[in-house]
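Participant: Pasting a structure below so you can have a look.
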2 protein chains.
Amino acid sequence: MIGKSITRVDAYDKVTGRAKFTDDLTPRGCLVAKVYHARIGNGIVTSIDTSEAEKVPGVVKVVTFKDVPDHCYPTPGHPWSVELAHQDVADRNILTGRVRYYGDDIAAVVAEDEIAAARALKKIKVEYEEYPVEIHPRKSMYGSNPPIHFDKKDNVLARTNFFIGDVDEGLKKADTVVKGSYRTPIVQHCHIENSISCAYMEKDRIVVVASTQIPHIMRRVIGQALGIPWGRIRVIKPYIGGGFGNKQDVLYEPLNAFLTMQVGGRPVKLEVSREETFCNTRTRHSIEYDLTAGVDKEGLLTAKEMKAYSNQGAYASHGHAIAANGLTAFRLQYACPNIRGEAYTVYTNTPVAGAMRAYGIPQATFANECLMDDIAAKIGMDPLEFRKKNLIHGYYEDAYLKPIAANTNGIFQCLKKGADYIHWEEKRKAYSHQTGDIRRGVGMALFCYKTGVWPISLEIAGARLSLNQDGSMQLSLGATEIGQGADTVFTQMAAQTLHMDVEDIHLETVQDTDVSPFDTGAYGSRQSFVTGTAVKECALLMEKKILDYARKLLPDERRGLSLDHGWIYAGEEKVLTLEQLALESYYSLTDASAITAEVSTQVKKNTLSTGCCFAEVEVDIRLGKIKVLDIINVHDSGILLNPQLARMQVHGGMSMGLGYGLSEQLILDEKTGRPLNGNLLDYKLMTALDTPDLAADFVELEDPEGPYGNKALGEPPAIPGAPAIRNAVLHATGVAFNEIPLTPQRLVEGFKEAGLL
Amino acid sequence: MIGKSITRVDAYDKVTGRAKFTDDLTPRGCLVAKVYHARIGNGIVTSIDTSEAEKVPGVVKVVTFKDVPDHCYPTPGHPWSVELAHQDVADRNILTGRVRYYGDDIAAVVAEDEIAAARALKKIKVEYEEYPVEIHPRKSMYGSNPPIHFDKKDNVLARTNFFIGDVDEGLKKADTVVKGSYRTPIVQHCHIENSISCAYMEKDRIVVVASTQIPHIMRRVIGQALGIPWGRIRVIKPYIGGGFGNKQDVLYEPLNAFLTMQVGGRPVKLEVSREETFCNTRTRHSIEYDLTAGVDKEGLLTAKEMKAYSNQGAYASHGHAIAANGLTAFRLQYACPNIRGEAYTVYTNTPVAGAMRAYGIPQATFANECLMDDIAAKIGMDPLEFRKKNLIHGYYEDAYLKPIAANTNGIFQCLKKGADYIHWEEKRKAYSHQTGDIRRGVGMALFCYKTGVWPISLEIAGARLSLNQDGSMQLSLGATEIGQGADTVFTQMAAQTLHMDVEDIHLETVQDTDVSPFDTGAYGSRQSFVTGTAVKECALLMEKKILDYARKLLPDERRGLSLDHGWIYAGEEKVLTLEQLALESYYSLTDASAITAEVSTQVKKNTLSTGCCFAEVEVDIRLGKIKVLDIINVHDSGILLNPQLARMQVHGGMSMGLGYGLSEQLILDEKTGRPLNGNLLDYKLMTALDTPDLAADFVELEDPEGPYGNKALGEPPAIPGAPAIRNAVLHATGVAFNEIPLTPQRLVEGFKEAGLL
């Protein structure tokens with residue numbers, strides 16, 4: 001079953017509309033909640049008057065920051081840590097009177113319907129004392145008065161560094177030193193389904209149905225936010241309309257849980273608008289990089305250095321982990337004896353940045369892969385040749401993250417496939433001396449990506465199987481389907497190990513923290529690797545239990561028993577159907593015991609996934625317009641569990657990478673930090689019409705660590721597109737753009753500066 | 001925790017309306033189905049025209065008996081048997097063209113709303129060929145032309161018999177022989193919530209949310225009815241508004257499952273009306289008994305014989321099991337060397353009889369306890385004295401059902417308590433010579449009842465526990481809360497064995513066959529005994545796993561570890577909180593594994609529960625009116641798990657027993673078998689105003705077989721009330737009424753016959 005392009009198990013339900021999402025599960029008569037957001041970018045609330053709002057017909061309850069429990073909690077979707085030093089930053093309350101960004105959450109209304117709630121919001125009167133707004137990390141890091149979080153002396157959330165060898169010495173030895181500053185924009189995930197939850201009480205417990213990637217983590221965070229035992233919280237996760245990391249944070253669910261408690265446990269729905277999704281959920285960090293590298297005469301790196309300044313926004317969310325992840329990636333792929341890295345994550349008065357597909361690596365890879373091309377240009381070497389010369393060959397083990405080890409040869413095969421596809425050598429030459437307004441170029445970029453979060457954080461997954469009377473199998477997981485096809489590949493995995501047809505594996509897609517096995521959820525491209533390991537272990541345990549029971553039914557059988565497609569074999573002979581065995585296990589008057597298997601598996605390994613993007617572009621210099629003529633991603637993600645799903649995953653990531661490189665950016669008002677284009681009209685998300693044909697190819701090297709030879713493929717496709725296009729533009733025009741997106745305005749300004757216009 | 005009257009765990013949710021029932025879970029836009037019922041009592045459909053119905057605006061689909069899968073299935077809530085001979089009678093199809101009783105199901109309509117569905121029903125045109133109707137088993141048993149089920153030669157569904165010793169010889173030795181014929185009425189369960197289900201499709205599977213006592217059995221029966229693998233069916237059981245055995249049958253759920261398949265998997269709700277509940281679900285069997293007994297000079301039974309004729313109605317449902325259960329009870333309690341029994345279960349053209357609280361024992365006990373008083377009256381002995389003389393003392397083992405063994409002394413203690421309460425001796429004397437229109441009497445009756453169904457059928461139960469991060473516990477069961485308080489006592493059991501507070505046991509009340517452990521459900525007063533055994537076993541396993549993990553955390557600890565109220569103790573010293581241990585188990589970077597425990601337990605034991613009812617009545621001879629002045633049930637159900645809940649259970653059963661004795665009967669039209677009073681206005685259910693103060697008392701003898709010393713209490717309270725009242729009327733008036741209910745009409749006729757009027 002592994003390696004087959006079976007149809008998604010949720011395809012039919014999603015196409016027909018049967019699939020149930022959070023909004024489908026809100027009960028009749030559900031109340032509606034809306035949030036009152038600050039209208040200033042920095043300051044404190046000096047007075048709030050909700051009396052008129054409370055009078056609006058249909059309003060059930062109005063709460064303000066004065067009503068919520070007076071303590072802070074963290075929101076990121078990380079496993080809890082039993083060690084205080086490794087716990088997330090708890091800097092957020094359910095509502096606040098200390099406004100830290102434009103749109104901060106001050107109050108909330110619960111009403112019988114949407115209209116009453118909206119009317120009531122308009123009747124809330126708030127007065128503020130305002131402070132100056134700072135939206136740039138490299139200014140904010142030197143502090144503000146008052147600091148964005150009163151308990152901190154400056155606005156630096158965290159700073160980390162590392163070094164290998166001696167960079168200063170390495171630079172001295174270099175024949176050429178190249179420096180570059182690169183900057184990535186704030187972008188938003190733009191999942192189809194906005195953040196939505198529905199909360200109600202059951203006995204003395206709170207149930208939250210939520211569109212989330214991380215139901216088990218959400219349970220814990222809501223408990224922390226409300227200050228009640230975690231066992232009193234139940235989170236149910238149905239199908240969700242995408243997440244891309246935004247739903248790896250706990251967003252408005254603690255507020256929603258608090259609100260149902262305020263209305264006697266009645267169900268309350270809290271769905272945010274698209275505009276709120278841009279402003280009030282999470283974004284991808286804008287990071288500014290200063291890079292320096294030295295190369296010797298051979299074109300070999302002698303030293304390299306990265307300094308990163310990450311714009312966190314008003315609250316910590318995933319905090320420094322994202323900038324730090326980019327810093328780690330800086331040392332993983334290119335061989336270099338001397339490497340140094342330093343990263344700052346800085347609070348500013350802007351919307352909060354959090355996890356987004358590939359968790360800091362798109363930013364760091366953009367910077368690093370720009371630098372690689374800039375060095376190659378400076379020393380007059382083909383940029384692909386330069387990379388191949390500097391990439392690590394063979395087995396590699398990271399100095400800091402010991403379990404991260406990989407056979408890195410996959411990237412060379414990826415590069416060959418990509419170069420062949422795009423006709424690299426031919427076109428690099430053909431486009432080397434162009435004139436005129438329309439010019440073409442080919443560019444490329446590569447990356448590596450960890451599979452899961454070990455050893456930085458915990459990796460644990462659970463799986464449960466139970467044998468049905470008809471010989472089919474129920475599979476329950478804590479891992480989540482978020483559109484990526486997780487349910488399908490888990491079904492394939494169980495079928496593979498149990499030697500069954502996929503039609504006979506019934507996977508429960510809804511996670512319910514009361515009954516689903518514990519798993520931290522969908523992030524870090526971890527599930528097919530970590531949860532996959534649990535599924536395999538559970539399936540092997542189930543197989544053993546089945547054969548143990550078969551031995552009871554066949555006490556005189558001396559041949560070895562095995563299980564295959566609904567039959568128990570003794571040696572080569574079919575002796576019993578699995579259905580017969582199952583019926584006995586349920587209904588035998590002498591020895592009945594329904595057969596189930598459950599595992600909770602800690603995974604203490606990791607492996608690197610690699611890949612590259614090759615793009616051919618046509619640049620209209622006068623219009624500042626880039627046309628992507630051809631683009632391919634080639635990935636080494638180990639064995640493909642489902643090639644068709646893998647290809648779809650790559651296509652989606654490439655589309656996201658194109659938007660990142662070409663058009664997407666959340667623009668903030670300098671004075672208030674207010675998003676100026678926080679809606680799907682003004683924020684230029686790639687649409688089907690904007691997207692060129694996308695090519696995807698793979699190098700299937702079986703990974704020894706992956707349960708089925710597989711490794712990360714969820715996030716990686718989004719990584720290399722933007723720098724590949726930037727490098728293609730560099731090839732086409734000779735102009736190095738160091739900030740994305742490559743909008744017409746930015747291109748025209750760049751071309752003017754370079755004298756092309 | 002066992003033995004404490006904690007508040008029901010569902011009390012708050014049920015009182016506030018938070019508790020979710022099937023109708024609360026129907027999704028928005030759910031379609032509505034209604035059933036077209038036959039308007040004749042016996043015959044075949046010769047033509048059916050649905051064309052006009054299909055034209056009604058809002059109608060989505062009309063199906064008839066011609067559209068359904070052409071095979072039969074059984075409906076009773078029995079565990080499946082792997083042996084063909086022990087499988088239930090499969091004599092019903094989802095819809096039928098062979099009408100076997102007035103109201104049989106011929107067609108169904110699915111529409112956008114109730115009104116459209118109702119309108120469409122009226123437009124269906126049906127023509128019949130009619131056969132003669134027979135509603136009496138003792139006539140129907142000799143056959144009909146054609147037979148009610150074409151494949152049977154007569155209308156006897158089953159006949160069984162047994163004997164111990166030689167009854168003919170025993171009767172010869174007797175000094176006095178007493179014969180009596182006794183008859184019980186058809187009654188209906190009258191649970192508050194009518195039968196309701198909501199079915200929809202998920203992937204290639206059918207989900208049925210249903211008000212049922214037996215979700216796991218329902219899954220199997222729907223699979224059989226549709227002829228699809230059982231693993232393709234998912235049944236979800238939320239809170240239900242009572243069942244009393246009616247929902248131990250699979251009712252309209254197979255039809256509902258079929259209907260959703262006909263409308264592309266759209267959700268379809270099928271809720272039957274109160275009138276349909278009377279006519280088209282199940283009733284309690286009316287059984288006619290011919291009894292004979294002989295006693296010697298000492299008043300000791302020398303022989304007794306029972307012949308039973310049970311009115312099954314048109315389909316088998318639980319079939320002969322109910323009459324057979326009464327037959328079994330006939331030999332269990334009174335010592336007698338010679339016993340013979342014979343029972344017939346006969347198809348008739350009447351509504352289908354099935355399981356109802358105490359499964360044949362209220363009928364058999366009525367007959368037998370009437371006979372005991374009739375014998376006592378004939379030999380001039382006090383009826384209590386007569387019973388005590390003949391009851392088995394000490395240890396008893398049934399000749400046929402070997403595992404049924406009991407220390408039977410509990411009944412003597414019950415009798416003493418009951419007699420003391422009612423002032424038996426004093427009043428038997430005081431009321432012995434009355435004249436006038438108003439007379440008083442005291443009467444009593446006793447019974448015994450098996451706990452669960454072993455060894456007649458399979459007993460299996462599952463339980464799963466998982467330790468939450470806060471040290472609280474999730475408990476999942478396949479056993480069902482049906483209003484009896486099951487969730488509460490299971491919570492107490494887990495708390496007891498795990499030495500925890502009940503607040504820290506979070507029991508999942510909803511059964512979902514995809515995720516809940518396998519259990520056959522709520523019937524046979526089995527759950528606290530059978531599932532209780534599984535809960536205890538699971539809790540002990542969980543305790544062991546917790547202590548095993550504690551030993552990992554405390555490798556140098558040499559003292560014995562134990563668990564008590566959130567603490568791990570080493571010897572007498574608190575060394576670790578359970579919360580600390582739980583957090584480590586989830587999040588330890590060195591050794592994480594969430595702790596869960598699951599068992600699937602077969603229970604191969606049984607035990608007898610006993611009890612009695614004492615009643616004092618005042619009879620108005622001219623009005624034929626019985627006023628119950630005082631009434632008490634005394635039960636030996638072993639240790640009481642929750643005395644308050646036990647008392648409530650007894651009160652409910654007593655109310656049912658009073659209705660059975662005094663007022664309830666479903667009256668059928670002789671010509672068509674149509675119910676004449678199948679609604680809550682004309683069917684005289686006891687209301688709060690009709691019910692006297694009820695007294696309940698207990699004899700708490702710890703039962704060695706019960707997991708917590710407990711045994712059956714769910715059904716037994718409903719058993720002894722009716723014969724106790726009948727015997728009190730006999731005492732008051734000297735008139736022996738052999739048929740219930742004791743309505744004014746029946747009493748006046750009886751008193752006239754006896755010359756009192």
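Every chain in the structure tokens takes a letter, A first, then B, and so on in the order presented; its residues are numbered from 1, and the ligands are numbered from 1 following the presented order.
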Please list as a VMD selection string every residue within 6 Å of B:Ala724, counting only C-alpha atoms and excluding residues in the same chain fewer than 4 positions away.
Facilitator: chain B and resid 443 to 445
Participant: From stretch 413-583 of chain A, collect each residue whose DSSP state is helix (DSSP H, G or I) and return the set as a PyMOL selection string.
Facilitator: chain A and resi 413-422+424-430+486-498+502-504+527-553+578-583
Participant: Name the closest residue to B:Gly227 among the candidates B:Cys72, B:Cys190, B:Ala118, B:Met381; distances are taken between atoms, counting only C-alpha atoms.
Facilitator: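 Residue with the minimum atom-to-atom distance to B:Gly227: B:Cys72.
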Participant: Name the residues of stretch 447-625 of chain B that fall into strand (DSSP E or B) according to DSSP on the backbone, using the chain letters and numbers of this document, as an MDAnalysis selection string.
Facilitator: chainID B and resid 447:450 460:467 473:477 505:507 511:512 561:564 567:570 573:577 596:602 606 608:620 625
Participant: Write out as a VMD selection string which residues come within 8 Å of stretch 566-573 of chain B when counting only C-alpha atoms, dropping same-chain ones fewer than 4 positions away.
Facilitator: chain B and resid 471 500 547 550 557 559 to 562 577 to 579
Participant: Export N, CA and C atoms of the chosen residues as a CSV table (one decimal), in the first residue's frame?
Facilitator:
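Result file follows (part_2.csv):
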```
chain,number,residue,atom,x,y,z
B,471,GLY,N,-3.6,14.4,36.5
B,471,GLY,CA,-3.8,13.3,37.4
B,471,GLY,C,-5.2,12.8,37.4
B,500,MET,N,-9.3,7.4,44.2
B,500,MET,CA,-9.4,8.7,43.7
B,500,MET,C,-10.7,9.3,44.1
B,547,LEU,N,2.0,2.6,39.0
B,547,LEU,CA,3.1,2.3,40.0
B,547,LEU,C,4.4,1.8,39.2
B,550,ALA,N,6.0,4.9,38.2
B,550,ALA,CA,6.6,5.6,39.4
B,550,ALA,C,7.9,4.9,39.8
B,557,GLU,N,14.0,3.7,45.2
B,557,GLU,CA,13.1,3.6,46.2
B,557,GLU,C,12.9,2.1,46.6
B,559,ARG,N,11.0,1.0,49.3
B,559,ARG,CA,9.7,0.7,50.0
B,559,ARG,C,8.6,0.4,48.9
B,560,GLY,N,7.6,-0.2,49.4
B,560,GLY,CA,6.5,-0.5,48.5
B,560,GLY,C,5.8,0.8,48.1
B,561,LEU,N,5.4,0.9,46.8
B,561,LEU,CA,4.7,2.0,46.3
B,561,LEU,C,3.2,1.8,46.3
B,562,SER,N,2.4,2.9,46.6
B,562,SER,CA,1.0,2.7,46.5
B,562,SER,C,0.4,4.1,46.0
B,577,THR,N,3.4,13.5,43.5
B,577,THR,CA,1.9,13.6,43.2
B,577,THR,C,1.6,12.8,41.9
B,578,LEU,N,0.4,12.4,41.8
B,578,LEU,CA,0.0,11.7,40.5
B,578,LEU,C,0.1,12.7,39.4
B,579,GLU,N,-0.1,14.0,39.6
B,579,GLU,CA,0.0,15.0,38.6
B,579,GLU,C,1.4,15.1,38.1
```
Participant: Taking only C-alpha atoms into account, what are the residues of chain A at most 7 Å from chain B, put as a PyMOL selection string?
Facilitator: chain A and resi 10+12-13+80-82+202-203+229-231+458+468-470+472+474+514+518+583-584+587-589+592-594+600-602
Participant: Output C-alpha atoms for every residue in that selection, as a PDB file, in the first residue's frame.
Facilitator:
```
ATOM      1  CA  ASP A  10     -11.562  12.109   2.574  1.00  0.00           C
ATOM      2  CA  TYR A  12     -15.472  11.963  -1.605  1.00  0.00           C
ATOM      3  CA  ASP A  13     -16.726  13.553   1.615  1.00  0.00           C
ATOM      4  CA  TRP A  80       4.711  21.140  27.346  1.00  0.00           C
ATOM      5  CA  SER A  81       8.022  20.812  29.091  1.00  0.00           C
ATOM      6  CA  VAL A  82       8.429  19.603  32.634  1.00  0.00           C
ATOM      7  CA  GLU A 202     -20.546  19.356  29.796  1.00  0.00           C
ATOM      8  CA  LYS A 203     -20.841  18.502  33.487  1.00  0.00           C
ATOM      9  CA  PRO A 229      -7.029  21.478  35.678  1.00  0.00           C
ATOM     10  CA  TRP A 230      -6.263  20.335  32.154  1.00  0.00           C
ATOM     11  CA  GLY A 231      -8.437  17.266  32.559  1.00  0.00           C
ATOM     12  CA  LEU A 458       9.597  16.191  22.601  1.00  0.00           C
ATOM     13  CA  ASN A 468     -14.002  -5.129  13.945  1.00  0.00           C
ATOM     14  CA  GLN A 469     -16.231  -8.155  13.644  1.00  0.00           C
ATOM     15  CA  ASP A 470     -15.886  -8.180   9.861  1.00  0.00           C
ATOM     16  CA  SER A 472     -11.767  -4.609   9.249  1.00  0.00           C
ATOM     17  CA  GLN A 474     -10.607   0.944  13.402  1.00  0.00           C
ATOM     18  CA  ASP A 514     -11.099  12.629  25.740  1.00  0.00           C
ATOM     19  CA  PHE A 518      -2.121  11.523  22.776  1.00  0.00           C
ATOM     20  CA  LEU A 583     -16.194 -13.123  15.413  1.00  0.00           C
ATOM     21  CA  GLU A 584     -14.710 -15.691  17.781  1.00  0.00           C
ATOM     22  CA  TYR A 587     -18.546 -13.845  20.744  1.00  0.00           C
ATOM     23  CA  SER A 588     -16.826 -17.040  21.800  1.00  0.00           C
ATOM     24  CA  LEU A 589     -18.537 -18.493  24.849  1.00  0.00           C
ATOM     25  CA  ALA A 592     -14.056 -13.938  24.196  1.00  0.00           C
ATOM     26  CA  SER A 593     -11.956 -10.790  24.322  1.00  0.00           C
ATOM     27  CA  ALA A 594     -12.217  -8.038  21.736  1.00  0.00           C
ATOM     28  CA  SER A 600       2.264   5.673  22.967  1.00  0.00           C
ATOM     29  CA  THR A 601       5.602   6.033  21.241  1.00  0.00           C
ATOM     30  CA  GLN A 602       8.389   8.444  21.962  1.00  0.00           C
TER      31      GLN A 602
END
```
Participant: For A:Ile719, list every protein, DNA or RNA residue within 6 Å, evaluated using only C-alpha atoms, and leave out those in the same chain fewer than 2 positions away; present the list as a list in words.
Facilitator: Pro362, Pro716 and Pro717 of chain A
Participant: Please measure the separation of atom CA of A:Leu668 and atom CA of A:Tyr102, giving the value in Å to one decimal.
Facilitator: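 That distance, rounded to one decimal, is 10.0 Å.
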Participant: Determine the nearest neighbour of B:Glu114 from the options B:Thr733, B:Asn727, B:Gln262, B:Ser273, counting only C-alpha atoms.
Facilitator: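 Among the listed residues, the smallest separation from B:Glu114 belongs to B:Ser273.
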Participant: Give me, as an MDAnalysis selection string, all polymer residues having an atom no more than 6 Å from stretch 388-393 of chain A, counting only C-alpha atoms and skipping those fewer than 3 positions away in the same chain.
Facilitator: chainID A and resid 300 334:335 385
Participant: Could you list, as a VMD selection string, every residue within 12 Å of A:Ile196, counting only C-alpha atoms and ignoring same-chain residues fewer than 6 positions away?
Facilitator: chain A and resid 21 to 26 32 to 34 208 to 212 237 to 243 247 250 to 256 268 to 274 276 to 277 281
Participant: Extract, using only C-alpha atoms, all DNA, RNA and protein residues at most 7 Å from stretch 165-174 of chain A, discarding same-chain residues fewer than 6 positions from it, and format them as a PyMOL selection string.
Facilitator: chain A and resi 294-296+302-304+337-340
Participant: Could the residues of stretch 163-275 of chain B that have an atom at most 9 Å from stretch 365-377 of chain B be listed as CSV, each with its closest atom pair and the distance in Å to one decimal, counting only C-alpha atoms and ordered by chain and ascending residue number?
Facilitator:
```
residue,atom,partner,partner_atom,distance
B:Thr176,CA,B:Ile375,CA,8.3
B:Val177,CA,B:Ile375,CA,8.1
B:Val178,CA,B:Ile375,CA,6.1
B:Lys179,CA,B:Leu371,CA,7.8
B:Gly180,CA,B:Leu371,CA,6.6
B:Ser181,CA,B:Ala367,CA,7.8
B:Tyr182,CA,B:Ala367,CA,5.4
B:Arg183,CA,B:Ala367,CA,7.3
B:Thr184,CA,B:Phe366,CA,7.8
```
Participant: Would you work out the distance separating atom CA of B:Asn280 from atom CA of B:Ile740, expressed in Å to one decimal?
Facilitator: 23.1 Å
